[in-house]
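Below is coords-v6.pdb, holding PDB, C-alpha atoms and all ligand atoms.
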ATOM      1  CA  MET A  12      88.262 111.352 129.949
ATOM      2  CA  GLU A  13      88.082 108.625 132.525
ATOM      3  CA  VAL A  14      90.436 105.694 132.170
ATOM      4  CA  ASN A  15      89.121 102.493 133.673
ATOM      5  CA  LYS A  16      91.223  99.898 131.962
ATOM      6  CA  ILE A  17      94.416 100.079 130.010
ATOM      7  CA  ARG A  18      93.773  97.924 126.969
ATOM      8  CA  ILE A  19      96.036  97.169 124.074
ATOM      9  CA  PRO A  20      94.729  94.956 121.267
ATOM     10  CA  ASN A  21      96.444  91.551 120.979
ATOM     11  CA  MET A  22      97.642  91.654 124.583
ATOM     12  CA  LYS A  23      95.448  90.687 127.508
ATOM     13  CA  TYR A  24      95.002  93.146 130.352
ATOM     14  CA  GLU A  25      96.230  90.516 132.824
ATOM     15  CA  ASP A  26      99.443  90.049 130.872
ATOM     16  CA  PHE A  27     100.725  93.439 131.936
ATOM     17  CA  ASN A  28     102.664  93.528 135.182
ATOM     18  CA  ASP A  29     102.348  97.204 135.917
ATOM     19  CA  ASN A  30      98.639  97.860 135.502
ATOM     20  CA  GLU A  31      98.102  99.246 138.994
ATOM     21  CA  TYR A  32     101.073 101.530 138.742
ATOM     22  CA  LEU A  33     100.001 102.758 135.320
ATOM     23  CA  GLU A  34      96.414 103.415 136.404
ATOM     24  CA  LYS A  35      97.561 105.238 139.520
ATOM     25  CA  TYR A  36      99.897 107.323 137.435
ATOM     26  CA  VAL A  37      97.121 108.251 134.985
ATOM     27  CA  GLU A  38      94.820 109.109 137.909
ATOM     28  CA  GLU A  39      97.443 111.362 139.454
ATOM     29  CA  LEU A  40      98.052 113.167 136.171
ATOM     30  CA  GLN A  41      94.335 113.702 135.642
ATOM     31  CA  GLU A  42      93.891 115.063 139.164
ATOM     32  CA  ASN A  43      96.522 117.637 138.330
ATOM     33  CA  GLY A  44      94.627 118.670 135.218
ATOM     34  CA  VAL A  45      96.795 116.795 132.716
ATOM     35  CA  ASN A  46      94.957 115.173 129.830
ATOM     36  CA  VAL A  47      96.024 111.632 129.115
ATOM     37  CA  ILE A  48      95.391 109.937 125.818
ATOM     38  CA  LEU A  49      95.886 106.237 125.417
ATOM     39  CA  GLY A  50      95.968 104.600 122.043
ATOM     40  CA  LYS A  51      97.747 102.224 119.733
ATOM     41  CA  LEU A  52     101.431 102.913 119.169
ATOM     42  CA  SER A  53     100.884 102.191 115.468
ATOM     43  CA  ASP A  54      98.270 104.973 115.254
ATOM     44  CA  PHE A  55     100.609 107.367 116.990
ATOM     45  CA  ILE A  56     103.494 106.541 114.621
ATOM     46  CA  ASN A  57     101.176 106.820 111.611
ATOM     47  CA  TRP A  58      99.946 110.197 112.804
ATOM     48  CA  GLY A  59     103.558 111.371 112.669
ATOM     49  CA  ARG A  60     104.354 109.591 109.395
ATOM     50  CA  SER A  61     101.309 110.894 107.551
ATOM     51  CA  ASN A  62     102.125 114.449 108.565
ATOM     52  CA  SER A  63     105.779 114.377 107.578
ATOM     53  CA  VAL A  64     105.954 112.681 104.194
ATOM     54  CA  TRP A  65     109.156 113.680 102.440
ATOM     55  CA  PRO A  66     108.993 113.688  98.650
ATOM     56  CA  LEU A  67     111.896 112.950  96.339
ATOM     57  CA  THR A  68     112.741 115.802  93.981
ATOM     58  CA  PHE A  69     111.907 114.155  90.687
ATOM     59  CA  ALA A  70     110.215 115.332  87.492
ATOM     60  CA  THR A  71     110.735 114.664  83.818
ATOM     61  CA  SER A  72     108.399 117.162  82.168
ATOM     62  CA  CYS A  73     105.493 119.600  82.439
ATOM     63  CA  CYS A  74     103.661 117.984  85.395
ATOM     64  CA  GLY A  75     106.776 118.837  87.401
ATOM     65  CA  ILE A  76     105.881 122.515  87.090
ATOM     66  CA  GLU A  77     102.515 121.797  88.724
ATOM     67  CA  PHE A  78     104.314 119.970  91.518
ATOM     68  CA  MET A  79     106.404 123.101  92.095
ATOM     69  CA  CYS A  80     103.171 125.104  92.311
ATOM     70  CA  VAL A  81     101.960 122.792  95.072
ATOM     71  CA  ALA A  82     104.973 123.911  97.073
ATOM     72  CA  ALA A  83     104.359 127.600  96.368
ATOM     73  CA  ALA A  84     102.399 130.000  98.558
ATOM     74  CA  ARG A  85      98.879 129.497  97.127
ATOM     75  CA  THR A  86      98.723 125.736  97.701
ATOM     76  CA  ASP A  87     101.607 125.433 100.149
ATOM     77  CA  PHE A  88     102.002 121.746 100.967
ATOM     78  CA  ALA A  89     104.144 122.753 103.947
ATOM     79  CA  ARG A  90     100.817 123.060 105.800
ATOM     80  CA  PHE A  91     100.676 119.278 105.801
ATOM     81  CA  GLY A  92     104.340 118.599 106.537
ATOM     82  CA  TRP A  93     105.263 117.565 102.980
ATOM     83  CA  GLU A  94     107.669 120.387 102.228
ATOM     84  CA  VAL A  95     110.930 118.629 103.005
ATOM     85  CA  THR A  96     111.779 117.578  99.465
ATOM     86  CA  ARG A  97     114.901 115.430  99.351
ATOM     87  CA  ASN A  98     117.499 115.078  96.651
ATOM     88  CA  SER A  99     118.455 111.602  97.791
ATOM     89  CA  PRO A 100     116.000 108.708  97.410
ATOM     90  CA  ARG A 101     117.429 107.242 100.613
ATOM     91  CA  GLN A 102     115.860 110.095 102.580
ATOM     92  CA  ALA A 103     112.536 110.212 100.748
ATOM     93  CA  ASP A 104     109.211 108.571 101.669
ATOM     94  CA  VAL A 105     107.363 109.193  98.437
ATOM     95  CA  ILE A 106     108.202 109.663  94.786
ATOM     96  CA  PHE A 107     105.898 111.793  92.675
ATOM     97  CA  VAL A 108     106.249 110.604  89.103
ATOM     98  CA  CYS A 109     105.644 113.897  87.315
ATOM     99  CA  GLY A 110     105.936 113.611  83.560
ATOM    100  CA  THR A 111     106.518 111.285  80.670
ATOM    101  CA  ILE A 112     108.702 108.260  81.293
ATOM    102  CA  VAL A 113     110.479 106.978  78.220
ATOM    103  CA  HIS A 114     111.979 103.488  77.967
ATOM    104  CA  LYS A 115     115.455 104.915  78.419
ATOM    105  CA  MET A 116     114.385 106.597  81.671
ATOM    106  CA  ALA A 117     112.490 103.580  83.042
ATOM    107  CA  PRO A 118     115.528 101.774  84.569
ATOM    108  CA  VAL A 119     116.550 105.036  86.278
ATOM    109  CA  LEU A 120     113.094 105.374  87.849
ATOM    110  CA  THR A 121     113.224 101.752  88.980
ATOM    111  CA  ARG A 122     116.633 102.289  90.537
ATOM    112  CA  LEU A 123     115.461 105.420  92.362
ATOM    113  CA  TYR A 124     112.489 103.480  93.732
ATOM    114  CA  GLU A 125     114.717 100.627  94.856
ATOM    115  CA  GLN A 126     117.031 103.049  96.646
ATOM    116  CA  MET A 127     114.205 104.482  98.767
ATOM    117  CA  ALA A 128     113.921 103.091 102.273
ATOM    118  CA  GLU A 129     110.736 101.258 103.230
ATOM    119  CA  PRO A 130     107.954 102.077 103.824
ATOM    120  CA  LYS A 131     107.868 103.955 100.528
ATOM    121  CA  TYR A 132     105.106 105.254  98.316
ATOM    122  CA  VAL A 133     104.534 106.282  94.719
ATOM    123  CA  ILE A 134     102.162 108.902  93.345
ATOM    124  CA  ALA A 135     101.595 108.923  89.576
ATOM    125  CA  VAL A 136     100.913 112.527  88.613
ATOM    126  CA  GLY A 137      99.173 113.169  85.292
ATOM    127  CA  SER A 138      98.167 111.116  82.293
ATOM    128  CA  CYS A 139     101.740 110.514  81.130
ATOM    129  CA  ALA A 140     102.698 108.775  84.366
ATOM    130  CA  ILE A 141      99.355 106.961  84.510
ATOM    131  CA  GLY A 142      99.228 105.613  80.965
ATOM    132  CA  GLY A 143     101.567 107.402  78.575
ATOM    133  CA  GLY A 144      99.291 110.435  78.125
ATOM    134  CA  PRO A 145      99.319 112.232  74.792
ATOM    135  CA  PHE A 146     102.460 110.290  73.847
ATOM    136  CA  LYS A 147     100.884 106.875  74.414
ATOM    137  CA  SER A 148     101.330 105.902  70.774
ATOM    138  CA  SER A 149     105.006 106.814  70.680
ATOM    139  CA  TYR A 150     107.319 103.834  70.335
ATOM    140  CA  HIS A 151     109.610 105.027  73.133
ATOM    141  CA  VAL A 152     107.091 105.926  75.882
ATOM    142  CA  LEU A 153     106.193 103.764  78.865
ATOM    143  CA  LYS A 154     102.425 103.204  79.006
ATOM    144  CA  GLY A 155     102.126 103.824  82.725
ATOM    145  CA  VAL A 156     104.668 103.649  85.524
ATOM    146  CA  ASN A 157     102.710 100.860  87.184
ATOM    147  CA  GLU A 158     104.338  98.625  84.572
ATOM    148  CA  ILE A 159     107.602  98.955  86.483
ATOM    149  CA  ILE A 160     106.868 100.148  90.040
ATOM    150  CA  PRO A 161     103.816  99.835  92.339
ATOM    151  CA  VAL A 162     101.641 102.948  92.429
ATOM    152  CA  ASP A 163      99.694 104.015  95.532
ATOM    153  CA  VAL A 164      97.795 107.026  94.221
ATOM    154  CA  TYR A 165      96.896 108.113  90.684
ATOM    155  CA  ILE A 166      96.197 111.796  90.021
ATOM    156  CA  PRO A 167      94.581 112.231  86.599
ATOM    157  CA  GLY A 168      94.904 115.333  84.440
ATOM    158  CA  CYS A 169      97.139 116.840  81.776
ATOM    159  CA  PRO A 170      98.397 118.382  83.879
ATOM    160  CA  PRO A 171      96.461 117.965  87.132
ATOM    161  CA  ARG A 172      95.890 121.265  88.898
ATOM    162  CA  PRO A 173      97.903 121.882  92.084
ATOM    163  CA  ASP A 174      94.771 121.411  94.197
ATOM    164  CA  ALA A 175      94.217 118.017  92.539
ATOM    165  CA  ILE A 176      97.792 117.064  93.432
ATOM    166  CA  LEU A 177      97.131 118.203  96.986
ATOM    167  CA  TYR A 178      93.989 116.054  97.043
ATOM    168  CA  GLY A 179      96.039 113.049  95.882
ATOM    169  CA  MET A 180      98.553 113.725  98.644
ATOM    170  CA  MET A 181      95.759 113.718 101.188
ATOM    171  CA  GLN A 182      94.629 110.328  99.855
ATOM    172  CA  LEU A 183      98.108 108.962 100.490
ATOM    173  CA  ALA A 184      98.094 110.473 103.993
ATOM    174  CA  ARG A 185      94.790 108.660 104.644
ATOM    175  CA  LYS A 186      96.281 105.407 103.399
ATOM    176  CA  ILE A 187      99.292 105.795 105.703
ATOM    177  CA  LYS A 188      97.005 106.515 108.679
ATOM    178  CA  VAL A 189      95.070 103.251 108.333
ATOM    179  CA  GLN A 190      98.113 101.019 107.876
ATOM    180  CA  ASP A 191      99.288  98.840 110.719
ATOM    181  CA  PHE A 192     102.845 100.119 111.073
ATOM    182  CA  PHE A 193     104.058  96.868 112.624
ATOM    183  CA  LYS A 194     102.541  94.734 109.868
ATOM    184  CA  LEU A 195     103.194  96.733 106.764
ATOM    185  CA  PRO A 196     102.525  94.799 103.559
ATOM    186  CA  GLU A 197     105.587  93.525 101.757
ATOM    187  CA  GLN A 198     106.621  95.599  98.803
ATOM    188  CA  PRO A 199     105.650  93.942  95.524
ATOM    189  CA  GLN A 200     108.413  92.704  93.240
ATOM    190  CA  ILE A 201     109.715  95.254  90.794
ATOM    191  CA  SER A 202     109.032  94.379  87.153
ATOM    192  CA  GLU A 203     111.662  94.788  84.517
ATOM    193  CA  PRO A 204     110.489  97.411  82.024
ATOM    194  CA  LYS A 205     109.272  95.971  78.729
ATOM    195  CA  THR A 206     111.670  96.263  75.834
ATOM    196  CA  GLU A 207     110.476  97.978  72.691
ATOM    197  CA  ASP A 208     110.191  94.567  70.943
ATOM    198  CA  GLU A 209     107.966  93.176  73.737
ATOM    199  CA  THR A 210     105.805  96.271  73.605
ATOM    200  CA  ASP A 211     105.338  95.793  69.856
ATOM    201  CA  GLU A 212     104.479  92.101  70.334
ATOM    202  CA  HIS A 213     101.523  93.086  72.532
ATOM    203  CA  GLY A 214     100.356  95.577  69.973
ATOM    204  CA  ASP A 215     100.903  98.524  72.329
ATOM    205  CA  HIS A 216     102.019 101.041  69.794
TER     206      HIS A 216
HETATM  207  S1  LIG B   1     100.341 114.639  81.612
HETATM  208 FE1  LIG B   1     100.298 116.425  80.225
HETATM  209  S2  LIG B   1     101.151 118.065  81.474
HETATM  210 FE2  LIG B   1     101.735 116.142  82.481
HETATM  211  S3  LIG B   1     103.738 115.609  81.677
HETATM  212 FE3  LIG B   1     102.208 114.607  80.379
HETATM  213  S4  LIG B   1     101.865 116.038  78.689
HETATM  214 FE4  LIG B   1     102.859 117.192  80.326
END

Turn this file's structure into structure tokens for me.
Amino acid sequence: MEVNKIRIPNMKYEDFNDNEYLEKYVEELQENGVNVILGKLSDFINWGRSNSVWPLTFATSCCGIEFMCVAAARTDFARFGWEVTRNSPRQADVIFVCGTIVHKMAPVLTRLYEQMAEPKYVIAVGSCAIGGGPFKSSYHVLKGVNEIIPVDVYIPGCPPRPDAILYGMMQLARKIKVQDFFKLPEQPQISEPKTEDETDEHGDH
């Protein structure tokens, strides 16, 4: 690869002071057979981020078993750098919401989300997390976690197969790769979960 001009978007070539030095350095490296890749720092960071997404250990019911299968040998999400599950939300990048969330559990989920460091992501796994699933008509079940926290990827199914979960993970990795790391969107405000009375008022029962 021949490098003619060092170019970084949003900064003019002339604005750099060390262009000659940098070009000479690249030339020297190439003469010695070293490959040099130039690119955006954001892309480089995102390459690392998207290949080392650490999930929070969190599950409330059956979809959690499928999540465990994703970690096991057949699906093995370690291939994509996702295997470092964390027990503390402060060390996690993504929360997989696996299972039914009842109104009593909703504030706990919100708190866990709030405790995660930014940038953070949410994957809703299965129909319960997406919209209440088979328990949608129950008075005590949240009709979708997007009522309380922002969701990045939805994985449908009851439960979704491990390969579907893996596919959803890959969608999140794609999303991370195209983000501008230095201009990440602000996290939306967290909504207070609806009380049972409010839920009844809207006829969601
Ligand atoms: S979506 Fe189905 S498998 Fe998953 S937690 Fe709900 S009932 Fe269980």

Assuming 8 Å of padding per side, give the centre and edge lengths of the axis-aligned box around every listed atom of ligand LIG 1 (chain B), in Å to one decimal and as lines of an AutoDock Vina configuration file.
center_x = 102.0
center_y = 116.3
center_z = 80.6
size_x = 19.4
size_y = 19.5
size_z = 19.8

Selection as JSON, numbers by chain: residues within 7 Å of ligand LIG 1 (chain B) by all atoms listed in the file: {"A": [72, 73, 74, 109, 110, 111, 137, 138, 139, 140, 144, 145, 168, 169, 170]}

Local residues around (111.4, 106.0, 75.7), at most 8 Å away, using only C-alpha atoms, as an MDAnalysis selection string: chainID A and resid 112:117 150:153

Counting all atoms listed in the file, the residue of A:Gly179, A:Pro100, A:Gly92, A:Gly50 that sits nearest A:Lys131: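 Closest candidate: A:Pro100.
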
Separation of atom CA of A:Asp54 from atom CA of A:Glu42 in Å: 26.3 Å

Output of the PyMOL selection byres (((chain A and resi 88) around 12) and not hetatm), listed as JSON, numbers by chain: {"A": [62, 63, 64, 65, 66, 78, 79, 80, 81, 82, 83, 84, 85, 86, 87, 89, 90, 91, 92, 93, 94, 95, 96, 173, 174, 176, 177, 178, 179, 180, 181]}

Point-to-point distance in Å for atom CA of A:Phe55 and atom CA of A:Leu40: 20.2 Å

Hits from the PyMOL selection byres (((chain A and resi 154) around 6) and not hetatm), listed as an MDAnalysis selection string: chainID A and resid 142:143 153 155

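Taking atom CA of A:Pro130 and atom CA of A:Tyr165 as endpoints, the distance between them is 18.2 Å.
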
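Distances to A:Val108 were evaluated for A:Tyr36, A:Phe69, A:Tyr124, A:Tyr132 using all atoms listed in the file, and the minimum falls at A:Phe69.
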
Selection under test: the PyMOL selection byres (((chain A and resi 120-122) around 9) and not hetatm); residues as a tab-separated table (two decimals) with C-alpha atoms, keeping the file's coordinate frame:
chain	number	residue	atom	x	y	z
A	108	VAL	CA	106.25	110.60	89.10
A	112	ILE	CA	108.70	108.26	81.29
A	116	MET	CA	114.38	106.60	81.67
A	117	ALA	CA	112.49	103.58	83.04
A	118	PRO	CA	115.53	101.77	84.57
A	119	VAL	CA	116.55	105.04	86.28
A	123	LEU	CA	115.46	105.42	92.36
A	124	TYR	CA	112.49	103.48	93.73
A	125	GLU	CA	114.72	100.63	94.86
A	126	GLN	CA	117.03	103.05	96.65
A	127	MET	CA	114.20	104.48	98.77
A	156	VAL	CA	104.67	103.65	85.52
A	159	ILE	CA	107.60	98.96	86.48
A	160	ILE	CA	106.87	100.15	90.04
A	201	ILE	CA	109.72	95.25	90.79
A	202	SER	CA	109.03	94.38	87.15
A	203	GLU	CA	111.66	94.79	84.52
A	204	PRO	CA	110.49	97.41	82.02

Nearest candidate to A:Ser61 (options A:Tyr32, A:Ile134, A:Phe146, A:Ile187; using all atoms listed in the file):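 The shortest atom-to-atom distance to A:Ser61 comes from A:Ile187.
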
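Among the candidates A:Ser53, A:Asn46, A:Asn98, A:Ser149, the residue lying nearest to A:Lys194 is A:Ser53 (atoms considered: only C-alpha atoms).
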
Contacts of A:Ala128 within 10 Å, all atoms listed in the file, excl. fewer than 5 positions in-chain, as a list in words: Pro100, Arg101, Gln102, Ala103, Asp104 and Val105 of chain A

Neighbour list for A:Ile56 as a PyMOL selection string, cut-off 10 Å, all atoms listed in the file, skip fewer than 3 positions in-chain: chain A and resi 51-53+59-61+187-188+191-193

Put those residues in a file: C-alpha atoms, as a compact mmCIF listing (two decimals), in the coordinates of the input.
# COMPACT_ATOMS: atom_id res chain seq x y z
CA LYS A 51 97.75 102.22 119.73
CA LEU A 52 101.43 102.91 119.17
CA SER A 53 100.88 102.19 115.47
CA GLY A 59 103.56 111.37 112.67
CA ARG A 60 104.35 109.59 109.40
CA SER A 61 101.31 110.89 107.55
CA ILE A 187 99.29 105.80 105.70
CA LYS A 188 97.00 106.52 108.68
CA ASP A 191 99.29 98.84 110.72
CA PHE A 192 102.84 100.12 111.07
CA PHE A 193 104.06 96.87 112.62
